[in-house]
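Shown below: work-v5.cif, with mmCIF, C-alpha atoms and all ligand atoms.
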```cif
data_entry
loop_
_atom_site.label_atom_id
_atom_site.label_comp_id
_atom_site.auth_asym_id
_atom_site.auth_seq_id
_atom_site.Cartn_x
_atom_site.Cartn_y
_atom_site.Cartn_z
CA MET A 1 20.95 -0.42 31.60
CA LEU A 2 19.36 2.84 32.76
CA LEU A 3 21.12 5.94 31.44
CA ARG A 4 20.39 9.59 31.99
CA LEU A 5 20.88 11.25 28.61
CA GLY A 6 20.57 14.94 29.41
CA GLN A 7 17.15 15.38 31.00
CA VAL A 8 15.70 12.12 29.77
CA ALA A 9 15.90 8.78 31.57
CA THR A 10 16.74 6.19 28.93
CA LEU A 11 16.54 2.43 29.36
CA VAL A 12 18.63 0.33 26.99
CA VAL A 13 17.27 -3.22 26.77
CA SER A 14 19.85 -5.73 25.58
CA SER A 15 18.36 -9.07 26.56
CA ALA A 16 15.73 -11.15 24.78
CA ASP A 17 14.07 -12.04 28.14
CA MET A 18 13.59 -8.38 28.97
CA VAL A 19 12.12 -7.71 25.50
CA ARG A 20 9.69 -10.59 26.12
CA GLU A 21 8.68 -9.01 29.46
CA ILE A 22 8.09 -5.64 27.76
CA ILE A 23 6.19 -6.94 24.74
CA LYS A 24 4.13 -9.64 26.50
CA ASN A 25 3.23 -7.80 29.70
CA HIS A 26 3.63 -4.05 29.13
CA ASP A 27 3.24 -3.52 25.39
CA ILE A 28 0.72 -0.66 25.61
CA ALA A 29 2.88 1.29 28.05
CA PHE A 30 5.79 1.18 25.57
CA SER A 31 3.82 1.74 22.37
CA ASN A 32 4.56 5.44 21.90
CA ARG A 33 7.45 6.85 19.91
CA PRO A 34 9.52 9.85 21.04
CA LYS A 35 8.25 13.22 19.80
CA ALA A 36 10.72 14.86 17.43
CA THR A 37 10.46 18.37 15.98
CA VAL A 38 11.65 17.18 12.60
CA ILE A 39 8.80 14.67 12.39
CA GLY A 40 6.35 17.42 13.32
CA PHE A 41 7.57 19.54 10.40
CA LEU A 42 7.55 16.62 8.05
CA PHE A 43 4.04 15.45 8.86
CA ASN A 44 2.43 18.74 9.90
CA TRP A 45 2.47 17.50 13.50
CA SER A 46 -0.29 14.99 13.00
CA ASN A 47 -1.11 13.21 9.80
CA ASP A 48 1.24 10.25 9.73
CA MET A 49 0.92 6.85 11.41
CA ALA A 50 4.43 5.51 12.09
CA PHE A 51 5.35 8.32 14.50
CA THR A 52 1.96 9.11 15.95
CA SER A 53 1.13 8.21 19.54
CA TYR A 54 -0.61 4.95 20.33
CA GLY A 55 -4.39 5.51 20.26
CA MET A 56 -7.50 5.71 18.10
CA TYR A 57 -5.90 7.69 15.21
CA TRP A 58 -2.98 5.24 15.04
CA ARG A 59 -5.35 2.24 15.14
CA GLN A 60 -7.49 3.58 12.32
CA THR A 61 -4.64 4.63 10.03
CA ARG A 62 -2.75 1.39 10.64
CA LYS A 63 -5.89 -0.55 9.70
CA ILE A 64 -6.25 1.47 6.47
CA CYS A 65 -2.61 0.79 5.57
CA VAL A 66 -2.93 -2.92 6.25
CA VAL A 67 -6.21 -3.38 4.39
CA GLU A 68 -5.47 -1.12 1.41
CA LEU A 69 -1.78 -1.72 0.95
CA LEU A 70 0.06 -4.24 3.03
CA SER A 71 -2.19 -7.27 3.58
CA LEU A 72 -0.96 -10.57 2.13
CA LYS A 73 -3.68 -10.29 -0.55
CA ARG A 74 -2.60 -6.78 -1.58
CA VAL A 75 1.08 -7.73 -1.59
CA GLN A 76 0.24 -10.66 -3.89
CA GLU A 77 -1.88 -8.41 -6.13
CA PHE A 78 1.05 -6.02 -6.47
CA HIS A 79 3.35 -8.76 -7.84
CA TYR A 80 3.28 -7.09 -11.28
CA VAL A 81 4.82 -3.93 -9.77
CA ARG A 82 7.69 -5.97 -8.30
CA GLU A 83 8.17 -7.78 -11.60
CA GLU A 84 8.30 -4.58 -13.66
CA GLU A 85 10.56 -2.73 -11.23
CA VAL A 86 12.94 -5.66 -10.86
CA ALA A 87 13.08 -6.09 -14.67
CA THR A 88 14.12 -2.42 -14.94
CA PHE A 89 16.62 -2.93 -12.11
CA VAL A 90 18.19 -5.96 -13.82
CA ASN A 91 18.34 -4.08 -17.16
CA ARG A 92 20.07 -1.13 -15.59
CA ILE A 93 22.70 -3.34 -13.94
CA HIS A 94 23.17 -5.17 -17.23
CA LYS A 95 23.64 -1.94 -19.18
CA ALA A 96 25.99 -0.54 -16.56
CA SER A 97 28.09 -3.70 -16.38
CA ILE A 98 28.68 -3.92 -20.15
CA LYS A 99 29.49 -0.24 -20.53
CA THR A 100 33.07 0.13 -21.73
CA GLY A 101 35.46 1.03 -18.94
CA LEU A 102 32.91 0.58 -16.16
CA ASP A 103 34.14 -2.35 -14.11
CA CYS A 104 31.90 -1.87 -11.07
CA VAL A 105 28.30 -0.98 -10.43
CA ASN A 106 26.91 0.99 -7.50
CA LEU A 107 24.13 -1.38 -6.48
CA SER A 108 23.03 0.69 -3.47
CA GLU A 109 21.68 3.56 -5.55
CA LEU A 110 19.84 1.21 -7.86
CA MET A 111 18.36 -0.66 -4.91
CA ILE A 112 17.11 2.55 -3.28
CA ALA A 113 15.54 3.67 -6.57
CA THR A 114 13.90 0.27 -7.09
CA PHE A 115 12.40 -0.04 -3.59
CA ASN A 116 11.43 3.62 -3.68
CA ASN A 117 9.57 3.10 -6.91
CA ALA A 118 7.93 -0.16 -5.88
CA VAL A 119 6.62 1.38 -2.65
CA SER A 120 5.47 4.60 -4.32
CA ARG A 121 3.71 2.78 -7.14
CA CYS A 122 1.77 0.75 -4.58
CA ALA A 123 1.20 3.61 -2.13
CA VAL A 124 0.31 6.44 -4.53
CA PHE A 125 -0.08 4.43 -7.75
CA LYS A 126 2.60 6.32 -9.63
CA CYS A 127 6.22 5.87 -10.63
CA TYR A 128 8.55 8.79 -10.02
CA VAL A 129 12.07 7.59 -10.70
CA GLU A 130 12.61 8.11 -14.39
CA GLU A 131 14.82 5.96 -16.61
CA ASP A 132 17.92 8.02 -15.75
CA GLY A 133 17.22 7.54 -12.05
CA VAL A 134 16.79 11.26 -11.40
CA GLY A 135 13.06 11.49 -11.07
CA LYS A 136 10.95 13.62 -8.78
CA LEU A 137 10.85 10.93 -6.17
CA VAL A 138 14.62 11.01 -5.84
CA LEU A 139 14.31 14.66 -4.87
CA TYR A 140 11.51 13.72 -2.51
CA TRP A 141 13.73 11.02 -1.09
CA GLU A 142 16.71 13.38 -0.75
CA VAL A 143 14.64 15.73 1.35
CA LEU A 144 13.52 12.87 3.57
CA VAL A 145 17.10 11.66 3.99
CA GLU A 146 18.28 15.16 4.81
CA MET A 147 15.60 15.43 7.45
CA GLY A 148 16.38 11.95 8.73
CA ARG A 149 20.04 12.92 9.21
CA ARG A 150 18.91 15.88 11.21
CA ILE A 151 16.87 13.66 13.48
CA VAL A 152 20.06 11.85 14.34
CA ALA A 153 22.35 14.87 14.50
CA TRP A 154 20.05 17.32 16.20
CA GLU A 155 16.97 15.72 17.61
CA GLY A 156 18.95 13.13 19.54
CA ARG A 157 20.43 16.03 21.43
CA GLY A 158 17.24 18.11 21.45
CA LEU A 159 15.15 15.30 22.90
CA SER A 160 17.67 14.68 25.64
CA PHE A 161 18.35 18.33 26.47
CA SER A 162 15.07 20.12 25.82
CA CYS A 163 16.33 23.14 27.83
CA LEU A 164 18.92 23.67 25.04
CA GLU A 165 16.37 23.96 22.25
CA TRP A 166 17.08 27.69 21.90
CA ILE A 167 20.41 26.66 20.30
CA ASP A 168 18.42 25.26 17.38
CA VAL A 169 16.91 28.70 16.81
CA LEU A 170 20.27 30.48 17.11
CA ARG A 171 22.05 28.07 14.76
CA GLY A 172 19.26 28.38 12.19
CA PHE A 173 18.15 24.76 12.47
CA LEU A 174 14.45 25.52 12.74
CA TRP A 175 14.70 27.90 9.80
CA ARG A 176 16.45 25.23 7.68
CA LEU A 177 13.85 22.71 8.77
CA LYS A 178 11.10 25.05 7.53
CA VAL A 179 12.89 25.48 4.19
CA SER A 180 13.29 21.70 3.87
CA SER A 181 9.70 20.99 4.73
CA GLY A 182 8.57 23.74 2.30
CA LYS A 183 10.67 22.10 -0.42
CA LEU A 184 9.15 18.76 0.50
CA ASN A 185 5.63 20.15 0.33
CA VAL A 186 6.21 21.53 -3.18
CA VAL A 187 7.48 18.15 -4.37
CA SER A 188 4.79 16.29 -2.45
CA ASP A 189 2.09 18.39 -4.11
CA GLN A 190 3.40 17.34 -7.52
CA VAL A 191 4.01 13.78 -6.46
CA VAL A 192 0.85 13.08 -4.57
CA GLY A 193 -1.55 15.23 -6.56
CA GLU A 194 -5.03 13.86 -6.16
CA HIS A 195 -3.84 11.59 -3.36
CA LYS A 196 -2.89 14.56 -1.18
CA ALA A 197 -5.14 13.37 1.62
CA VAL A 198 -2.91 10.35 2.13
CA LEU A 199 0.35 12.31 1.98
CA GLY A 200 1.26 11.43 5.58
CA LEU A 201 0.69 7.74 5.05
CA GLY A 202 2.43 7.73 1.65
CA ALA A 203 5.48 9.47 3.15
CA ASP A 204 5.41 6.95 6.03
CA MET A 205 5.54 4.11 3.55
CA LEU A 206 8.42 5.70 1.63
CA LEU A 207 10.38 6.50 4.77
CA ALA A 208 9.72 3.14 6.42
CA GLY A 209 9.89 0.98 3.31
CA THR A 210 12.81 2.24 1.23
CA ASP A 211 16.01 2.38 3.23
CA THR A 212 15.08 -0.57 5.49
CA SER A 213 14.64 -2.80 2.46
CA SER A 214 17.57 -1.48 0.41
CA ILE A 215 19.98 -1.57 3.36
CA GLY A 216 18.79 -5.11 4.20
CA LEU A 217 19.32 -6.26 0.63
CA GLY A 218 22.67 -4.42 0.50
CA TRP A 219 23.95 -6.35 3.53
CA LEU A 220 22.59 -9.61 2.20
CA MET A 221 24.43 -9.08 -1.10
CA ALA A 222 27.62 -8.09 0.75
CA GLU A 223 27.49 -11.33 2.78
CA LEU A 224 26.72 -13.39 -0.31
CA ILE A 225 29.68 -11.88 -2.15
CA ARG A 226 31.90 -12.67 0.85
CA HIS A 227 30.64 -16.28 0.90
CA PRO A 228 30.98 -17.55 -2.68
CA LYS A 229 30.11 -21.16 -1.72
CA VAL A 230 26.73 -20.18 -0.28
CA THR A 231 26.11 -17.93 -3.29
CA LYS A 232 27.04 -20.66 -5.74
CA LYS A 233 24.67 -23.13 -4.06
CA ALA A 234 21.78 -20.61 -4.15
CA GLN A 235 22.60 -19.74 -7.78
CA GLU A 236 22.64 -23.41 -8.79
CA GLN A 237 19.27 -23.97 -7.16
CA LEU A 238 17.85 -20.84 -8.72
CA ARG A 239 19.22 -21.45 -12.17
CA ALA A 240 18.02 -25.06 -12.11
CA LEU A 241 14.67 -24.58 -10.40
CA ASN A 242 14.02 -20.94 -11.09
CA PHE A 243 12.77 -19.99 -7.59
CA LEU A 244 14.10 -18.89 -4.20
CA GLU A 245 13.21 -20.63 -0.87
CA ALA A 246 14.41 -20.04 0.85
CA ASN A 247 12.72 -3.75 37.00
CA HIS A 248 11.75 -0.52 37.82
CA ILE A 249 11.56 2.00 35.05
CA PRO A 250 10.97 5.72 35.68
CA ALA A 251 7.78 7.18 34.19
CA ASN A 252 8.32 8.70 30.73
CA ALA A 253 11.66 6.96 30.33
CA LYS A 254 12.64 6.28 26.73
CA VAL A 255 13.26 2.63 26.03
CA PHE A 256 15.65 1.44 23.34
CA ILE A 257 15.40 -2.23 22.43
CA ASN A 258 19.00 -3.01 21.54
CA ALA A 259 18.32 -5.57 18.81
CA TRP A 260 21.95 -5.30 17.63
CA VAL A 261 23.24 -6.75 20.91
CA ILE A 262 20.40 -9.24 21.37
CA GLN A 263 20.96 -10.65 17.89
CA ARG A 264 24.64 -11.15 18.73
CA ASP A 265 24.10 -12.72 22.17
CA THR A 266 26.37 -15.80 22.32
CA SER A 267 24.08 -17.48 24.87
CA LEU A 268 21.32 -17.45 22.22
CA TRP A 269 23.26 -17.74 19.00
CA ASP A 270 26.09 -19.99 17.91
CA MET A 271 28.84 -17.85 16.29
CA PRO A 272 26.49 -14.87 15.87
CA GLU A 273 28.91 -12.84 13.74
CA GLU A 274 29.09 -15.57 11.11
CA PHE A 275 26.84 -15.51 8.06
CA MET A 276 25.31 -18.99 8.44
CA ILE A 277 21.97 -19.24 6.68
CA GLU A 278 21.77 -22.93 7.66
CA ARG A 279 21.24 -21.85 11.30
CA PHE A 280 17.56 -21.30 10.38
CA GLU A 281 17.12 -24.57 8.52
CA ASN A 282 16.03 -26.80 11.42
CA SER A 283 14.95 -24.03 13.76
CA SER A 284 11.48 -22.76 14.60
CA VAL A 285 12.85 -19.22 15.11
CA ASP A 286 11.58 -16.77 12.51
CA PHE A 287 11.68 -13.00 12.01
CA LYS A 288 7.99 -12.26 12.62
CA GLY A 289 8.33 -10.86 16.14
CA GLN A 290 7.40 -13.88 18.28
CA TYR A 291 10.99 -14.90 19.03
CA PHE A 292 12.65 -12.10 20.92
CA GLN A 293 16.19 -13.18 20.10
CA PHE A 294 15.54 -12.18 16.45
CA ILE A 295 13.42 -9.10 15.86
CA PRO A 296 14.53 -7.30 12.66
CA PHE A 297 10.94 -6.06 12.17
CA GLY A 298 10.33 -5.19 15.82
CA SER A 299 7.58 -6.83 17.85
CA GLY A 300 4.29 -6.17 19.63
CA ARG A 301 1.65 -3.60 18.66
CA ARG A 302 4.04 -1.40 16.70
CA VAL A 303 5.67 -4.26 14.79
CA CYS A 304 6.52 -3.41 11.17
CA LEU A 305 3.38 -3.63 9.08
CA GLY A 306 5.34 -3.73 5.82
CA MET A 307 6.98 -7.05 6.69
CA THR A 308 5.24 -9.08 3.98
CA PHE A 309 5.81 -6.35 1.40
CA GLY A 310 9.48 -5.97 2.37
CA VAL A 311 10.22 -9.70 2.44
CA ALA A 312 8.46 -10.32 -0.91
CA SER A 313 10.44 -7.48 -2.54
CA ILE A 314 13.80 -8.52 -1.07
CA GLU A 315 13.30 -12.19 -1.97
CA TYR A 316 12.33 -11.39 -5.53
CA MET A 317 15.21 -8.95 -6.02
CA THR A 318 17.75 -11.34 -4.49
CA ALA A 319 16.54 -14.19 -6.69
CA ASN A 320 16.91 -12.02 -9.80
CA LEU A 321 20.33 -10.69 -8.82
CA LEU A 322 21.65 -14.21 -8.22
CA TYR A 323 19.99 -15.68 -11.29
CA TRP A 324 21.22 -13.10 -13.80
CA PHE A 325 24.62 -12.02 -12.47
CA ASP A 326 27.82 -13.25 -10.90
CA PHE A 327 29.30 -10.90 -8.33
CA LYS A 328 32.69 -10.15 -6.88
CA LEU A 329 34.02 -7.37 -4.69
CA PRO A 330 35.41 -4.37 -6.60
CA GLU A 331 39.12 -3.59 -6.80
CA ASP A 332 40.14 -0.98 -4.21
CA GLY A 333 40.32 1.78 -6.81
CA CYS A 334 36.76 1.11 -7.79
CA LEU A 335 35.22 1.72 -4.38
CA GLY A 336 33.22 4.92 -4.28
CA LYS A 337 33.03 5.19 -8.08
CA GLU A 338 29.53 6.32 -9.00
CA LEU A 339 27.25 4.74 -11.54
CA GLU A 340 26.79 7.29 -14.33
C1 LIG B 1 13.46 -5.30 5.27
C2 LIG B 1 12.57 -4.36 5.33
C3 LIG B 1 12.04 -3.73 6.61
C4 LIG B 1 12.52 -3.78 7.88
C5 LIG B 1 13.77 -4.48 8.40
C6 LIG B 1 11.60 -2.99 8.72
C7 LIG B 1 11.74 -2.81 10.08
C8 LIG B 1 10.85 -2.09 10.87
C9 LIG B 1 10.98 -1.90 12.31
C10 LIG B 1 12.11 -2.46 13.17
C11 LIG B 1 9.92 -1.17 12.72
C12 LIG B 1 9.62 -0.71 14.17
C13 LIG B 1 8.85 -1.82 14.85
C14 LIG B 1 8.62 -1.58 16.34
O1 LIG B 1 8.57 -0.42 16.80
O2 LIG B 1 8.50 -2.59 17.07
C15 LIG B 1 9.11 -0.86 11.56
C16 LIG B 1 7.95 -0.13 11.57
C17 LIG B 1 7.21 0.19 10.44
N1 LIG B 1 7.45 -0.25 9.16
FE1 LIG B 1 8.96 -1.48 8.55
N2 LIG B 1 10.60 -2.51 7.92
C18 LIG B 1 10.81 -2.93 6.63
C19 LIG B 1 10.03 -2.70 5.50
C20 LIG B 1 8.89 -1.93 5.51
C21 LIG B 1 8.07 -1.65 4.33
C22 LIG B 1 8.37 -2.18 2.92
C23 LIG B 1 7.06 -0.84 4.74
C24 LIG B 1 5.91 -0.23 3.95
C25 LIG B 1 5.76 -0.28 2.66
C26 LIG B 1 7.23 -0.61 6.18
C27 LIG B 1 6.38 0.16 6.95
C28 LIG B 1 6.51 0.32 8.32
C29 LIG B 1 5.63 1.18 9.11
C30 LIG B 1 4.46 2.02 8.57
C31 LIG B 1 6.05 1.09 10.44
C32 LIG B 1 5.45 1.78 11.67
C33 LIG B 1 4.39 0.89 12.30
C34 LIG B 1 3.71 1.55 13.51
O3 LIG B 1 4.28 2.49 14.09
O4 LIG B 1 2.60 1.12 13.85
N3 LIG B 1 8.34 -1.30 6.60
N4 LIG B 1 9.69 -1.45 10.44
#
```

Show me the file's structure as structure tokens.
Amino acid sequence: MLLRLGQVATLVVSSADMVREIIKNHDIAFSNRPKATVIGFLFNWSNDMAFTSYGMYWRQTRKICVVELLSLKRVQEFHYVREEEVATFVNRIHKASIKTGLDCVNLSELMIATFNNAVSRCAVFKCYVEEDGVGKLVLYWEVLVEMGRRIVAWEGRGLSFSCLEWIDVLRGFLWRLKVSSGKLNVVSDQVVGEHKAVLGLGADMLLAGTDTSSIGLGWLMAELIRHPKVTKKAQEQLRALNFLEANHIPANAKVFINAWVIQRDTSLWDMPEEFMIERFENSSVDFKGQYFQFIPFGSGRRVCLGMTFGVASIEYMTANLLYWFDFKLPEDGCLGKELE
């Protein structure tokens, strides 16, 4: 579907065949990401990898990230980080769940803190979320989230209607962006210290690796809680065995791959809205980007390079959650109650 959003032609791709055509035959042409002011402020207009244009700088920085941080070997070497962080995570849930009067636990916050810490310990070799969960990295994270929200609220409009950018100045957006990025720089200086040179890449890892993983795990836990039989089977296996297995497109058009629709296409998936983990049991389809009906990590040149890291962390956290705890949905009154 070709839309004209303001001044920008935008192609929304909602079929797996079309994604195949793009990735197999035109990958280079679609390997750039849209330019957003907020990303420029965040990364000083240049020194990150995830948002930079396709080219030599991207190739080199991506290679550094893969070799130094995200190769299978490095992910295996970092197993001790996952083990320590998940042990802290399990302890904190345990403490919270036995606390008098506290009948529900906000898992989302704990998941964000755990992934945040695991990524930062591997990316900048330090741990910033302190025992009470209010470490420097949380502040760092808050600033990133605030800026991320602005990408959605403002940049979506700014990118589509560049002639209206003066409104950003009038409404004080650019000024607030400067304040936010200044705040971020102060925290980053403390956080990154001697690793300042890799600030852009470290921030990339935190941005790309924290909410993706914690939201993914959050949904997985929500589905498991809604499907007690599946959960019980996985728990029995875990507790017994102690492991988890488990056209014509205008030049400069923006292209959105609509993975949400593709992954719910009834011609490709049987009962796509149902949580049926057995659908993958006798199927060759996996999540690595070769099967265009299922692309949670993207595909092609810009495919997620933290896939192995993310999957290892999510698997290990899920195994521990299921092994140590039984879950049920909170009573209505409990929803929204914060973990102290
Ligand atoms: C469940 C967890 C994760 C999911 C679902 C996920 C998903 C994605 C997706 C959809 C993309 C865009 C791919 C494309 O444009 O085709 C991406 C890119 C990226 N991801 Fe992930 N990701 C996850 C975890 C991680 C982790 C843990 C890290 C790092 C520690 C990471 C680092 C990156 C980076 C750096 C990019 C940009 C790659 C580039 O532009 O060349 N991701 N991810």

Enter the distance from atom CA of Glu85 of chain A to atom CA of Ala118 of chain A, in Å, rounded to one decimal.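 Answer for the atom CA of Glu85 of chain A to atom CA of Ala118 of chain A separation: 6.5 Å.
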
Correct to one decimal, the distance atom CA of Leu3 of chain A-atom CA of Ser299 of chain A is 23.0 Å

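Once all atoms listed in the file are used for the distance check, the residues close to ligand LIG 1 (chain B) at 6 Å turn out to be Ala50, Phe51, Val119, Asp204, Met205, Ala208, Gly209, Thr212, Ser213, Gly216, Pro296, Phe297, Gly298, Ser299, Arg302, Val303, Cys304, Leu305, Gly306, Met307, Phe309 and Gly310 of chain A.
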
Do you know which residues are at most 9 Å from Lys35 of chain A counting all atoms listed in the file, after dropping those on the same chain fewer than 4 positions away, and could you put them as a PyMOL selection string? chain A and resi 39-40+51-53+159

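Every protein, DNA or RNA residue with an atom at most 9 Å from segment 266-270 of chain A, where only C-alpha atoms count and chain neighbours fewer than 5 positions away do not, is listed here: A:Ala16, A:Arg279, A:Gln293.
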
Write out as an mmCIF file with C-alpha atoms, keeping the file's coordinate frame which residues come within 12 Å of Gln60 of chain A when counting all atoms listed in the file, dropping same-chain ones fewer than 6 positions away.
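And here is the file that came out, around.cif:
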```cif
data_model
loop_
_atom_site.group_PDB
_atom_site.id
_atom_site.type_symbol
_atom_site.label_atom_id
_atom_site.label_comp_id
_atom_site.auth_asym_id
_atom_site.auth_seq_id
_atom_site.Cartn_x
_atom_site.Cartn_y
_atom_site.Cartn_z
ATOM 1 C CA ASN A 47 -1.110 13.210 9.800
ATOM 2 C CA ASP A 48 1.240 10.250 9.730
ATOM 3 C CA MET A 49 0.920 6.850 11.410
ATOM 4 C CA THR A 52 1.960 9.110 15.950
ATOM 5 C CA TYR A 54 -0.610 4.950 20.330
ATOM 6 C CA VAL A 66 -2.930 -2.920 6.250
ATOM 7 C CA VAL A 67 -6.210 -3.380 4.390
ATOM 8 C CA LEU A 201 0.690 7.740 5.050
#
```

Just how far from atom CA of Ser284 of chain A is atom CA of Met18 of chain A, in Å to one decimal?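 Between atom CA of Met18 of chain A and atom CA of Ser284 of chain A the gap is 20.4 Å.
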
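Taking only C-alpha atoms into account, Leu72 of chain A lies nearest to A:Ala312 out of the set A:Ile22, A:Ile257, A:Ala312, A:Ala240.
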
Sorted per-residue table, segment 60-103 of chain A near segment 313-329 of chain A, closest atoms and distance, 8 Å, only C-alpha atoms, as a tab-separated table:
```
residue	atom	partner	partner_atom	distance
A:Arg82	CA	A:Ser313	CA	6.6
A:Val86	CA	A:Met317	CA	6.3
A:Val90	CA	A:Leu321	CA	7.2
```

Hey, can you spit out that residue selection with C-alpha atoms as a short mmCIF file (atom, residue, chain, number, x, y, z; two decimals), in the frame of the given file?
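Everything below was put into part-v6.cif:
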```
data_model
loop_
_atom_site.label_atom_id
_atom_site.label_comp_id
_atom_site.auth_asym_id
_atom_site.auth_seq_id
_atom_site.Cartn_x
_atom_site.Cartn_y
_atom_site.Cartn_z
CA ARG A 82 7.69 -5.97 -8.30
CA VAL A 86 12.94 -5.66 -10.86
CA VAL A 90 18.19 -5.96 -13.82
#
```

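Of the listed residues A:Leu11, A:Pro272, A:Val19, A:Asp27, the one whose atoms come nearest to Ala259 of chain A is A:Val19, with distances taken using only C-alpha atoms.
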
Show me the residues around (20.3, -5.5, 23.1) - criterion: an atom at most 9 Å away, only C-alpha atoms counted - as a PyMOL selection string. chain A and resi 12-16+19+256-265

Distance criterion (only C-alpha atoms): nearest to Ser120 of chain A out of A:Lys178, A:Leu107, A:Ala203, A:Arg74: A:Ala203

For a quick check of understanding, using all atoms listed in the file, which of A:Phe89, A:Phe30, A:Phe115, A:Tyr80 has the smallest distance to Val255 of chain A?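 Among A:Phe89, A:Phe30, A:Phe115, A:Tyr80, it is A:Phe30 that comes nearest to Val255 of chain A.
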
Would you mind telling me which residue in A:Pro330, A:Gly218, A:Gly300, A:Pro34 lies nearest to Ile112 of chain A when using all atoms listed in the file? A:Gly218

Between A:Arg226, A:Ala123, A:Asn252, A:Arg239, single out the one closest to Leu70 of chain A, counting all atoms listed in the file. A:Ala123

Please rebuild segment 15-27 of chain A with N, CA and C atoms and give the result as a tab-separated table (two decimals), in the frame of the given file.
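Contents of result18.tsv, as written:
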```tsv
chain	number	residue	atom	x	y	z
A	15	SER	N	18.54	-7.62	26.39
A	15	SER	CA	18.36	-9.07	26.56
A	15	SER	C	16.99	-9.47	26.02
A	16	ALA	N	16.97	-10.66	25.40
A	16	ALA	CA	15.73	-11.15	24.78
A	16	ALA	C	14.66	-11.38	25.85
A	17	ASP	N	15.06	-11.80	27.07
A	17	ASP	CA	14.07	-12.04	28.14
A	17	ASP	C	13.37	-10.75	28.53
A	18	MET	N	14.16	-9.69	28.60
A	18	MET	CA	13.59	-8.38	28.97
A	18	MET	C	12.64	-7.88	27.87
A	19	VAL	N	13.01	-8.12	26.61
A	19	VAL	CA	12.12	-7.71	25.50
A	19	VAL	C	10.81	-8.48	25.62
A	20	ARG	N	10.90	-9.79	25.95
A	20	ARG	CA	9.69	-10.59	26.12
A	20	ARG	C	8.81	-9.97	27.20
A	21	GLU	N	9.42	-9.60	28.34
A	21	GLU	CA	8.68	-9.01	29.46
A	21	GLU	C	7.97	-7.73	29.00
A	22	ILE	N	8.68	-6.90	28.23
A	22	ILE	CA	8.09	-5.64	27.76
A	22	ILE	C	6.94	-5.90	26.79
A	23	ILE	N	7.19	-6.74	25.79
A	23	ILE	CA	6.19	-6.94	24.74
A	23	ILE	C	4.99	-7.74	25.25
A	24	LYS	N	5.25	-8.78	26.05
A	24	LYS	CA	4.13	-9.64	26.50
A	24	LYS	C	3.29	-8.97	27.59
A	25	ASN	N	3.97	-8.28	28.52
A	25	ASN	CA	3.23	-7.80	29.70
A	25	ASN	C	2.99	-6.29	29.75
A	26	HIS	N	3.78	-5.51	29.00
A	26	HIS	CA	3.63	-4.05	29.13
A	26	HIS	C	3.61	-3.37	27.77
A	27	ASP	N	3.11	-4.05	26.75
A	27	ASP	CA	3.24	-3.52	25.39
A	27	ASP	C	2.60	-2.13	25.24
```
